[in-house]
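For reference, start_29.txt is printed below; it contains compact mmCIF, C-alpha atoms.
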# COMPACT_ATOMS: atom_id res chain seq x y z
CA MET A 1 38.97 199.15 183.04
CA PRO A 2 41.64 197.01 181.33
CA VAL A 3 44.36 195.41 183.41
CA THR A 4 47.65 197.23 182.86
CA VAL A 5 49.94 195.33 185.26
CA ARG A 6 49.87 191.55 185.63
CA LEU A 7 52.09 189.22 187.65
CA LEU A 8 52.66 185.58 186.71
CA THR A 9 54.42 183.94 189.61
CA ASN A 10 55.47 180.51 190.90
CA ILE A 11 56.40 179.44 187.38
CA GLY A 12 57.98 176.01 187.74
CA ARG A 13 60.10 176.25 184.58
CA LEU A 14 60.52 179.35 182.43
CA TRP A 15 62.14 178.99 178.99
CA THR A 16 63.13 182.53 178.03
CA GLY A 17 64.68 181.82 174.63
CA SER A 18 68.24 181.90 175.91
CA GLU A 19 68.09 180.29 179.34
CA VAL A 20 65.88 178.35 181.72
CA TRP A 21 64.84 179.53 185.17
CA SER A 22 63.08 177.65 187.95
CA ASN A 23 60.59 179.26 190.36
CA ALA A 24 60.32 182.27 188.09
CA ALA A 25 57.99 185.24 187.68
CA ILE A 26 56.99 187.66 184.93
CA LEU A 27 55.62 191.17 185.30
CA THR A 28 53.76 192.66 182.37
CA HIS A 29 52.89 196.33 181.93
CA ASN A 30 50.28 197.05 179.28
CA ASP A 31 51.32 194.81 176.37
CA ARG A 32 55.03 194.51 177.26
CA ILE A 33 57.22 192.52 179.59
CA ALA A 34 58.29 194.83 182.41
CA TRP A 35 60.42 192.35 184.36
CA VAL A 36 61.34 188.68 184.25
CA GLY A 37 63.41 186.65 186.69
CA ARG A 38 63.29 184.45 189.74
CA ALA A 39 60.19 184.92 191.88
CA SER A 40 62.37 185.48 194.94
CA GLU A 41 63.95 188.50 193.23
CA LEU A 42 60.79 190.42 192.33
CA PRO A 43 61.57 194.15 192.38
CA GLU A 44 60.15 196.22 195.21
CA SER A 45 59.27 199.05 192.85
CA LEU A 46 56.61 198.07 190.31
CA PRO A 47 55.33 199.95 187.23
CA GLY A 48 51.95 200.65 188.83
CA VAL A 49 49.49 198.65 190.90
CA VAL A 50 49.39 194.92 190.16
CA GLU A 51 45.78 194.36 189.13
CA ASP A 52 45.97 190.64 188.38
CA ILE A 53 48.11 187.92 189.95
CA VAL A 54 48.30 184.48 188.34
CA ASP A 55 49.78 181.81 190.58
CA VAL A 56 50.95 179.36 187.92
CA ASP A 57 51.52 176.66 190.54
CA SER A 58 47.78 176.57 191.19
CA VAL A 59 46.67 176.40 187.54
CA GLU A 60 45.29 172.95 186.73
CA ASN A 61 47.69 171.22 189.14
CA LEU A 62 50.67 171.70 186.82
CA GLY A 63 53.17 171.99 189.62
CA GLY A 64 54.32 175.36 188.34
CA GLY A 65 54.18 174.36 184.70
CA LEU A 66 56.33 175.26 181.71
CA VAL A 67 56.14 178.81 180.36
CA THR A 68 57.60 179.95 177.03
CA PRO A 69 57.26 182.91 174.69
CA GLY A 70 54.35 182.67 172.27
CA LEU A 71 55.21 180.56 169.22
CA ILE A 72 55.68 182.01 165.72
CA ASP A 73 54.59 180.23 162.52
CA ALA A 74 56.75 181.76 159.80
CA HIS A 75 55.10 180.24 156.70
CA THR A 76 51.37 179.74 156.12
CA HIS A 77 48.79 179.93 153.28
CA PRO A 78 45.50 180.33 155.20
CA VAL A 79 43.42 182.39 152.74
CA TYR A 80 41.46 179.91 150.64
CA ALA A 81 38.07 178.26 150.31
CA GLY A 82 37.17 174.62 149.83
CA ASN A 83 39.47 171.64 150.25
CA ARG A 84 41.50 169.25 148.10
CA TRP A 85 41.09 166.06 150.11
CA ALA A 86 40.16 163.97 147.08
CA GLU A 87 43.32 165.14 145.35
CA LEU A 88 45.44 164.26 148.39
CA ALA A 89 43.92 160.77 148.38
CA MET A 90 44.78 160.41 144.67
CA ARG A 91 48.34 161.60 145.29
CA SER A 92 48.79 159.14 148.14
CA GLY A 93 47.68 156.40 145.76
CA GLY A 94 50.36 157.30 143.23
CA SER A 95 48.40 159.49 140.80
CA SER A 96 50.50 161.89 138.74
CA ALA A 97 50.09 165.67 138.64
CA GLY A 98 48.59 165.31 135.16
CA GLU A 99 46.04 162.77 136.36
CA ILE A 100 45.12 164.99 139.29
CA ALA A 101 44.72 168.03 137.04
CA ALA A 102 42.58 166.02 134.62
CA ALA A 103 40.34 165.12 137.56
CA GLY A 104 39.89 168.80 138.40
CA GLY A 105 42.54 169.06 141.12
CA GLY A 106 45.68 171.10 141.51
CA MET A 107 46.21 174.66 142.65
CA ALA A 108 43.92 175.96 139.89
CA SER A 109 40.99 174.27 141.61
CA THR A 110 41.63 176.23 144.81
CA VAL A 111 41.85 179.46 142.82
CA THR A 112 38.51 178.70 141.13
CA VAL A 113 36.73 177.89 144.40
CA THR A 114 38.26 180.83 146.29
CA ARG A 115 37.28 183.27 143.54
CA GLY A 116 33.75 181.89 143.59
CA THR A 117 33.29 182.12 147.36
CA ASP A 118 31.56 185.16 148.79
CA PRO A 119 33.77 187.37 150.99
CA TRP A 120 31.75 186.67 154.16
CA THR A 121 32.15 182.90 153.87
CA LEU A 122 35.82 183.18 152.94
CA CYS A 123 36.50 185.47 155.90
CA ASN A 124 34.73 183.13 158.32
CA GLY A 125 36.91 180.23 157.19
CA VAL A 126 40.11 182.24 157.59
CA ARG A 127 38.95 183.54 160.98
CA GLU A 128 38.47 179.98 162.24
CA ARG A 129 41.92 178.93 161.03
CA LEU A 130 43.66 181.91 162.63
CA GLY A 131 41.84 181.24 165.88
CA GLU A 132 43.13 177.65 165.87
CA TRP A 133 46.71 178.89 165.67
CA LEU A 134 46.27 181.08 168.72
CA ARG A 135 44.51 178.36 170.70
CA PHE A 136 47.52 176.09 170.03
CA GLY A 137 49.91 178.68 171.49
CA THR A 138 50.95 180.46 168.26
CA THR A 139 50.75 184.18 168.94
CA THR A 140 52.18 185.35 165.59
CA ILE A 141 51.72 183.90 162.12
CA GLU A 142 52.99 184.89 158.71
CA ALA A 143 49.95 184.66 156.42
CA LYS A 144 50.19 184.70 152.62
CA THR A 145 47.64 185.64 150.01
CA GLY A 146 47.86 183.88 146.66
CA TYR A 147 44.62 182.10 145.78
CA HIS A 148 42.81 184.92 144.01
CA LEU A 149 45.55 185.98 141.58
CA THR A 150 43.65 189.12 140.61
CA ARG A 151 44.46 192.63 141.75
CA ASP A 152 41.18 193.21 143.57
CA GLY A 153 41.07 189.74 145.08
CA GLU A 154 44.63 189.79 146.37
CA LEU A 155 44.24 193.28 147.85
CA ALA A 156 40.96 192.25 149.48
CA ASP A 157 42.80 189.33 151.07
CA VAL A 158 45.42 191.67 152.49
CA ARG A 159 42.70 193.90 153.92
CA MET A 160 40.88 190.90 155.39
CA LEU A 161 43.98 189.57 157.16
CA ARG A 162 44.79 193.02 158.52
CA SER A 163 41.22 193.43 159.75
CA LEU A 164 41.02 189.98 161.35
CA GLU A 165 44.18 190.67 163.33
CA GLY A 166 42.27 193.30 165.27
CA GLU A 167 39.49 190.94 166.36
CA PRO A 168 39.43 189.17 169.75
CA GLY A 169 40.89 185.68 169.71
CA MET A 170 43.17 186.33 166.74
CA PRO A 171 46.99 186.08 166.69
CA ARG A 172 49.28 188.79 165.41
CA VAL A 173 49.49 188.56 161.62
CA HIS A 174 52.42 189.32 159.34
CA VAL A 175 50.75 189.70 155.93
CA THR A 176 52.65 188.53 152.85
CA PHE A 177 51.49 189.50 149.35
CA LEU A 178 51.83 186.37 147.16
CA ALA A 179 50.16 187.29 143.88
CA ALA A 180 53.27 185.68 142.33
CA HIS A 181 52.06 182.25 143.42
CA ALA A 182 51.26 181.13 139.86
CA VAL A 183 50.20 182.68 136.56
CA PRO A 184 46.37 182.56 136.40
CA PRO A 185 44.62 180.95 133.42
CA GLU A 186 43.25 184.21 132.00
CA TYR A 187 46.85 185.29 131.35
CA PHE A 188 47.57 182.26 129.17
CA GLY A 189 49.93 183.46 126.44
CA ARG A 190 50.45 186.77 128.28
CA ARG A 191 52.83 185.69 131.03
CA ASN A 192 54.91 188.88 130.94
CA ASP A 193 51.75 190.96 131.29
CA TYR A 194 50.94 189.21 134.56
CA ILE A 195 54.46 189.65 135.91
CA ASP A 196 54.34 193.36 135.07
CA ALA A 197 50.91 193.62 136.69
CA VAL A 198 52.03 191.99 139.93
CA GLY A 199 54.95 194.41 140.08
CA THR A 200 52.56 197.36 139.86
CA TRP A 201 50.22 195.85 142.48
CA CYS A 202 52.97 195.80 145.13
CA SER A 203 52.55 199.48 146.05
CA ASP A 204 48.80 198.94 146.39
CA ALA A 205 49.41 195.91 148.62
CA ALA A 206 51.71 197.96 150.85
CA ALA A 207 49.12 200.74 151.04
CA VAL A 208 46.41 198.38 152.34
CA GLY A 209 48.59 196.69 154.94
CA ALA A 210 50.92 194.05 153.50
CA ASP A 211 54.25 193.60 155.27
CA SER A 212 56.11 191.41 152.75
CA VAL A 213 56.12 190.28 149.13
CA ASP A 214 56.84 186.68 148.16
CA VAL A 215 57.50 184.89 144.86
CA TYR A 216 57.20 181.15 144.21
CA CYS A 217 60.50 180.72 142.36
CA GLU A 218 60.35 177.24 140.88
CA GLU A 219 60.24 175.52 137.52
CA GLY A 220 56.70 175.85 136.23
CA ARG A 221 56.01 178.90 138.43
CA PHE A 222 58.37 181.90 138.22
CA THR A 223 61.96 182.07 137.05
CA GLU A 224 64.82 183.71 138.87
CA ARG A 225 64.66 186.68 136.46
CA GLU A 226 60.91 187.10 136.98
CA ALA A 227 61.27 186.79 140.75
CA ARG A 228 63.99 189.44 140.77
CA TRP A 229 61.67 191.89 138.97
CA ILE A 230 58.72 191.36 141.31
CA LEU A 231 60.78 191.33 144.53
CA SER A 232 62.56 194.52 143.48
CA ALA A 233 59.20 196.18 142.84
CA GLY A 234 57.98 195.02 146.23
CA ARG A 235 61.04 196.33 148.00
CA ALA A 236 60.65 199.69 146.25
CA ALA A 237 57.10 199.78 147.64
CA GLY A 238 58.36 199.18 151.19
CA LEU A 239 57.65 195.43 151.40
CA LEU A 240 60.10 192.92 152.85
CA PRO A 241 61.11 190.47 150.09
CA ARG A 242 60.81 186.69 150.59
CA VAL A 243 61.32 183.74 148.26
CA HIS A 244 59.68 180.33 148.02
CA ALA A 245 62.93 178.47 147.35
CA CYS A 246 61.25 175.09 147.21
CA GLY A 247 64.03 173.31 145.38
CA GLU A 248 62.02 170.84 143.35
CA SER A 249 64.38 171.99 140.60
CA ARG A 250 67.53 174.09 140.60
CA THR A 251 66.35 177.63 139.91
CA GLY A 252 68.88 179.66 141.89
CA ALA A 253 66.14 180.88 144.24
CA ALA A 254 68.21 180.61 147.43
CA ARG A 255 71.12 182.54 145.97
CA LEU A 256 68.70 185.12 144.58
CA ALA A 257 67.39 185.57 148.13
CA ALA A 258 70.97 186.12 149.29
CA GLU A 259 71.75 188.54 146.47
CA LEU A 260 68.68 190.66 147.17
CA GLY A 261 69.06 190.45 150.95
CA CYS A 262 65.62 188.92 151.38
CA ALA A 263 64.11 188.57 154.82
CA SER A 264 63.80 184.82 154.29
CA ALA A 265 64.26 181.95 151.89
CA ASP A 266 61.63 179.30 152.54
CA VAL A 267 61.34 175.49 152.30
CA LEU A 268 64.83 174.91 150.78
CA HIS A 269 64.41 171.19 150.08
CA GLU A 270 67.36 170.93 147.73
CA ALA A 271 69.56 173.76 148.98
CA SER A 272 73.23 173.13 148.20
CA ASP A 273 76.31 173.92 150.27
CA GLU A 274 76.76 177.02 148.10
CA ASP A 275 73.18 178.09 148.84
CA VAL A 276 73.75 177.67 152.57
CA ALA A 277 76.98 179.67 152.45
CA ALA A 278 75.29 182.45 150.47
CA LEU A 279 72.37 182.70 152.91
CA ALA A 280 74.75 182.79 155.86
CA GLN A 281 76.89 185.53 154.33
CA ALA A 282 73.85 187.65 153.43
CA GLY A 283 72.09 187.21 156.78
CA VAL A 284 68.95 185.73 155.20
CA ALA A 285 66.77 183.63 157.51
CA ALA A 286 65.80 180.10 156.45
CA VAL A 287 62.20 179.06 157.04
CA VAL A 288 61.91 175.27 157.04
CA CYS A 289 58.69 173.27 157.12
CA PRO A 290 58.97 169.74 158.57
CA GLY A 291 55.39 168.79 157.68
CA THR A 292 56.07 169.48 154.01
CA ALA A 293 59.43 167.70 154.19
CA LEU A 294 57.70 164.65 155.64
CA GLN A 295 55.13 164.65 152.85
CA THR A 296 57.62 165.10 150.03
CA GLY A 297 60.42 162.96 151.47
CA LYS A 298 62.90 165.82 150.95
CA ASN A 299 64.66 167.46 153.87
CA PRO A 300 66.37 170.85 153.79
CA PRO A 301 69.98 170.92 155.10
CA VAL A 302 68.92 172.19 158.52
CA ARG A 303 72.06 171.12 160.36
CA ALA A 304 74.30 172.78 157.78
CA LEU A 305 72.21 175.97 158.04
CA LEU A 306 72.59 176.03 161.82
CA ASP A 307 76.30 175.22 161.68
CA LYS A 308 76.84 178.16 159.29
CA GLY A 309 74.99 180.52 161.64
CA VAL A 310 71.86 180.97 159.52
CA ALA A 311 68.81 181.99 161.54
CA VAL A 312 66.40 179.04 161.18
CA ALA A 313 62.66 179.48 161.64
CA LEU A 314 59.86 176.93 161.52
CA GLY A 315 56.68 177.09 159.48
CA SER A 316 53.67 174.83 159.19
CA ASP A 317 53.28 175.50 155.44
CA HIS A 318 49.54 175.16 155.99
CA THR A 319 48.03 175.02 152.50
CA PRO A 320 44.95 173.38 150.98
CA GLY A 321 47.00 171.15 148.71
CA GLY A 322 49.61 170.16 151.29
CA ASN A 323 48.81 169.90 154.99
CA GLY A 324 46.27 171.43 157.33
CA ILE A 325 48.57 171.87 160.34
CA THR A 326 47.63 174.79 162.58
CA SER A 327 49.59 173.50 165.60
CA MET A 328 53.12 174.83 165.97
CA PRO A 329 53.71 172.41 168.87
CA LEU A 330 53.21 169.65 166.29
CA VAL A 331 55.65 171.40 163.94
CA ILE A 332 58.20 171.49 166.78
CA SER A 333 57.71 167.77 167.39
CA LEU A 334 58.20 167.05 163.68
CA ALA A 335 61.30 169.24 163.56
CA VAL A 336 62.82 167.10 166.30
CA SER A 337 61.94 163.78 164.64
CA GLN A 338 62.23 164.77 160.95
CA PHE A 339 65.15 167.20 161.02
CA GLY A 340 67.05 165.83 164.00
CA LEU A 341 66.91 169.07 165.94
CA SER A 342 67.20 169.11 169.69
CA VAL A 343 64.10 170.29 171.53
CA THR A 344 65.92 173.50 172.42
CA GLU A 345 66.89 174.13 168.78
CA ALA A 346 63.36 173.47 167.56
CA LEU A 347 61.77 175.63 170.24
CA ARG A 348 64.22 178.43 169.47
CA ALA A 349 63.37 178.16 165.75
CA ALA A 350 59.67 178.46 166.63
CA THR A 351 60.24 181.63 168.67
CA LEU A 352 63.44 183.62 168.15
CA GLY A 353 63.96 182.19 164.66
CA GLY A 354 60.48 183.18 163.61
CA ALA A 355 60.99 186.69 164.97
CA GLN A 356 64.18 187.00 162.91
CA ALA A 357 62.50 185.71 159.74
CA LEU A 358 59.68 188.22 160.14
CA ARG A 359 62.07 191.01 161.15
CA ALA A 360 60.03 191.41 164.31
CA PRO A 361 62.53 192.01 167.15
CA ASP A 362 59.74 192.87 169.59
CA ARG A 363 58.74 189.23 170.18
CA GLY A 364 60.03 185.66 170.43
CA ALA A 365 61.77 185.87 173.81
CA MET A 366 61.08 186.61 177.47
CA VAL A 367 63.02 189.85 177.64
CA ARG A 368 62.13 193.16 179.23
CA GLY A 369 60.51 195.46 176.67
CA ARG A 370 59.30 192.73 174.33
CA LEU A 371 55.66 191.91 173.71
CA ALA A 372 54.05 189.97 176.53
CA ASP A 373 53.03 187.02 174.35
CA ILE A 374 53.23 184.14 176.79
CA VAL A 375 52.15 180.49 176.86
CA LEU A 376 51.71 178.19 179.86
CA TRP A 377 51.91 174.60 178.65
CA ASP A 378 50.26 171.46 179.98
CA ALA A 379 53.70 170.13 180.92
CA ASP A 380 56.52 170.80 183.35
CA HIS A 381 59.45 170.50 180.92
CA GLU A 382 60.10 171.46 177.28
CA GLY A 383 61.00 167.85 176.53
CA ALA A 384 57.26 167.24 176.34
CA PHE A 385 57.31 168.80 172.84
CA ALA A 386 59.29 165.79 171.61
CA TRP A 387 56.87 163.34 173.21
CA SER A 388 53.37 164.69 172.70
CA TYR A 389 53.26 165.46 168.94
CA GLY A 390 51.00 168.39 169.57
CA LEU A 391 51.49 169.66 173.12
CA LYS A 392 48.49 171.66 174.33
CA PRO A 393 48.61 175.03 176.08
CA SER A 394 46.92 175.52 179.41
CA ARG A 395 46.83 179.32 179.18
CA VAL A 396 47.79 181.88 176.52
CA TRP A 397 48.39 185.61 177.00
CA LEU A 398 48.59 187.95 174.00
CA GLY A 399 50.10 191.31 174.81
CA GLY A 400 49.64 190.53 178.49
CA ALA A 401 45.91 189.86 178.14
CA PRO A 402 44.54 186.34 178.64
CA VAL A 403 43.13 184.65 175.57
CA ALA A 404 39.68 183.22 176.19
CA ALA A 405 39.53 179.43 175.97
CA SER A 406 37.33 178.09 173.16

Would you mind writing the structure in this file as structure tokens?
Amino acid sequence: MPVTVRLLTNIGRLWTGSEVWSNAAILTHNDRIAWVGRASELPESLPGVVEDIVDVDSVENLGGGLVTPGLIDAHTHPVYAGNRWAELAMRSGGSSAGEIAAAGGGMASTVTVTRGTDPWTLCNGVRERLGEWLRFGTTTIEAKTGYHLTRDGELADVRMLRSLEGEPGMPRVHVTFLAAHAVPPEYFGRRNDYIDAVGTWCSDAAAVGADSVDVYCEEGRFTEREARWILSAGRAAGLLPRVHACGESRTGAARLAAELGCASADVLHEASDEDVAALAQAGVAAVVCPGTALQTGKNPPVRALLDKGVAVALGSDHTPGGNGITSMPLVISLAVSQFGLSVTEALRAATLGGAQALRAPDRGAMVRGRLADIVLWDADHEGAFAWSYGLKPSRVWLGGAPVAAS
């Protein structure tokens, strides 16, 4: 019989998302938080019989430990096969994009390998990646398709992500349909045909379980006009619109996100003051990726975004051609060092900010009624995130249930 009521008590330091409590306790009922507060103030009336009591003070001699909400990775590309390590070595040695493409690298190489990989092998690789996120304390990830670039392949990827979410040891998954990642080679000379096709696929993607639609709006990918068409089709199909506003060139992507009221504008390396003001006025979340910023040497205006009241979320931007980060604690550490965020700001961006970017108000904070996604860290203070560069969890609970250690 599954445990329906669980008590975590003697928590040395509880970071709720808005405040910090010492000597705290959490009661969970089914998959939700039923009560949270100081252990000395536990209610006399409980929502049923407590079937499991976890004395945090006794877990691995942590002295009560640090407990936070489960982390949220708001930008990932986990559905692919193969790797591009040789290409990354070439890039680090100064090779140009043309030289890399001539050597068989670039995004097209991932599309070719992913298309040629059997579904079983592809699924096993994605399953392993998703499991790594959860083991590192990330209880929700946004996961994009985008390496098949065919109707059947992209829809199969959506189905796979939705199916994996239901397996043991997997995090919650927010599935984003990213067929508008690039124009595939078979549409050479027929660009408009592909854009029209992606627009028609959006309703199919929603039907098989996608939550959002995304467009890579950048020079060499999709223009502002093309992105508007696809995002509008996605919204009409019931998908939340998002934009890759990478900013390698000025395409107007951030202001398009504001105009359309997108759920998020992501990456934002070259966002201007006008972009920031537009996002703030429209209530669009900004998803920033410190690992990518470190690699490219281009930082988004994170402080300006925060000062203007924009909801800021953190993403790993895990992608075969960029970085392989599956640790949100590492992303938090990089946000502190690369973006100059305080630990509190970075931790909030990795919890509450992620929930806002995904339009998922049922998670991201220790509040009664929210999902009981909880992490006990191998530390006694949140400052450890700035020191460890990849803080490790001691225990993880997903919907109140303990996640088995690997």

Subject >> Residue neighbourhood A:Lys144, 9 Å, only C-alpha atoms, exclusion window fewer than 4 positions, as a ChimeraX atom specification >> reply: /A:75-79,157-158,174-178,212-214

Produce a file of the selected residues containing C-alpha atoms, as a PDB file, in the frame of the given file.
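After the write, out38.pdb holds the following:
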ATOM      1  CA  HIS A  75      55.100 180.240 156.700  1.00  0.00           C
ATOM      2  CA  THR A  76      51.370 179.740 156.120  1.00  0.00           C
ATOM      3  CA  HIS A  77      48.790 179.930 153.280  1.00  0.00           C
ATOM      4  CA  PRO A  78      45.500 180.330 155.200  1.00  0.00           C
ATOM      5  CA  VAL A  79      43.420 182.390 152.740  1.00  0.00           C
ATOM      6  CA  ASP A 157      42.800 189.330 151.070  1.00  0.00           C
ATOM      7  CA  VAL A 158      45.420 191.670 152.490  1.00  0.00           C
ATOM      8  CA  HIS A 174      52.420 189.320 159.340  1.00  0.00           C
ATOM      9  CA  VAL A 175      50.750 189.700 155.930  1.00  0.00           C
ATOM     10  CA  THR A 176      52.650 188.530 152.850  1.00  0.00           C
ATOM     11  CA  PHE A 177      51.490 189.500 149.350  1.00  0.00           C
ATOM     12  CA  LEU A 178      51.830 186.370 147.160  1.00  0.00           C
ATOM     13  CA  SER A 212      56.110 191.410 152.750  1.00  0.00           C
ATOM     14  CA  VAL A 213      56.120 190.280 149.130  1.00  0.00           C
ATOM     15  CA  ASP A 214      56.840 186.680 148.160  1.00  0.00           C
TER      16      ASP A 214
END

**OP:** Name the residues in contact with A:Pro402 at a cut-off of 10 Å, using only C-alpha atoms, excluding same-chain residues fewer than 6 positions from it; report them as a PyMOL selection string.
**Re:** chain A and resi 169+373-375+395-396

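Minimum distance to A:Leu164 across A:Ser18, A:Thr351, A:Thr28, A:Asn124 (counting only C-alpha atoms) occurs at A:Asn124.
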
**OP:** Considering all atoms listed in the file, state which residue in the set A:Ser22, A:Thr140, A:Thr150, A:Asn83 is at the smallest distance from A:Gly315.
**Re:** A:Thr140

Subject >> Residue neighbourhood stretch 207-211 of chain A, 12 Å, all atoms listed in the file, exclusion window fewer than 6 positions, as a ChimeraX atom specification >> reply: /A:142-145,152,154-165,173-179,201,234-235,237-242,263,358-360

Once 6 Å is added on each side, what centre and edge lengths in Å to one decimal does the axis-aligned box around all listed atoms of stretch 119-132 of chain A have, as lines of an AutoDock Vina configuration file?
center_x = 37.7
center_y = 182.5
center_z = 158.4
size_x = 23.9
size_y = 21.7
size_z = 26.9

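Atom CA of A:Ser333 is positioned 7.1 Å from atom CA of A:Gly390.
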
Original post:
Between A:Ser394, A:Ala108, A:Leu71, A:Gly220, which is the closest to A:Leu330 once you count only C-alpha atoms?
Top reply: A:Leu71

**OP:** Excluding stretch 183-194 of chain A and residues on its chain fewer than 5 positions from it, collect all residues at most 9 Å away from it, counting only C-alpha atoms, and give them as a count of residues only.
**Re:** 9

Can you sort out stretch 1-17 of chain A so it carries N, CA and C atoms, written as a short mmCIF file (atom, residue, chain, number, x, y, z; two decimals), in the frame of the given file?
data_model
loop_
_atom_site.label_atom_id
_atom_site.label_comp_id
_atom_site.auth_asym_id
_atom_site.auth_seq_id
_atom_site.Cartn_x
_atom_site.Cartn_y
_atom_site.Cartn_z
N MET A 1 37.63 198.58 183.26
CA MET A 1 38.97 199.15 183.04
C MET A 1 39.96 198.03 182.75
N PRO A 2 40.74 198.10 181.67
CA PRO A 2 41.64 197.01 181.33
C PRO A 2 42.78 196.89 182.32
N VAL A 3 43.22 195.66 182.53
CA VAL A 3 44.36 195.41 183.41
C VAL A 3 45.62 195.93 182.73
N THR A 4 46.42 196.70 183.45
CA THR A 4 47.65 197.23 182.86
C THR A 4 48.89 196.55 183.44
N VAL A 5 48.80 196.02 184.65
CA VAL A 5 49.94 195.33 185.26
C VAL A 5 49.48 193.95 185.70
N ARG A 6 50.21 192.92 185.28
CA ARG A 6 49.87 191.55 185.63
C ARG A 6 51.14 190.85 186.11
N LEU A 7 50.97 190.00 187.11
CA LEU A 7 52.09 189.22 187.65
C LEU A 7 51.80 187.74 187.47
N LEU A 8 52.69 187.04 186.78
CA LEU A 8 52.66 185.58 186.71
C LEU A 8 53.78 185.08 187.62
N THR A 9 53.42 184.35 188.63
CA THR A 9 54.42 183.94 189.61
C THR A 9 54.35 182.44 189.88
N ASN A 10 55.35 181.95 190.61
CA ASN A 10 55.47 180.51 190.90
C ASN A 10 55.49 179.69 189.62
N ILE A 11 56.22 180.19 188.62
CA ILE A 11 56.40 179.44 187.38
C ILE A 11 57.45 178.35 187.62
N GLY A 12 57.06 177.11 187.45
CA GLY A 12 57.98 176.01 187.74
C GLY A 12 59.20 176.03 186.85
N ARG A 13 59.00 176.25 185.54
CA ARG A 13 60.10 176.25 184.58
C ARG A 13 59.81 177.29 183.51
N LEU A 14 60.69 178.27 183.40
CA LEU A 14 60.52 179.35 182.43
C LEU A 14 61.62 179.25 181.39
N TRP A 15 61.20 179.03 180.12
CA TRP A 15 62.14 178.99 178.99
C TRP A 15 62.08 180.36 178.35
N THR A 16 63.16 181.13 178.46
CA THR A 16 63.13 182.53 178.03
C THR A 16 63.52 182.71 176.57
N GLY A 17 64.13 181.70 175.97
CA GLY A 17 64.68 181.82 174.63
C GLY A 17 66.18 181.68 174.64
#
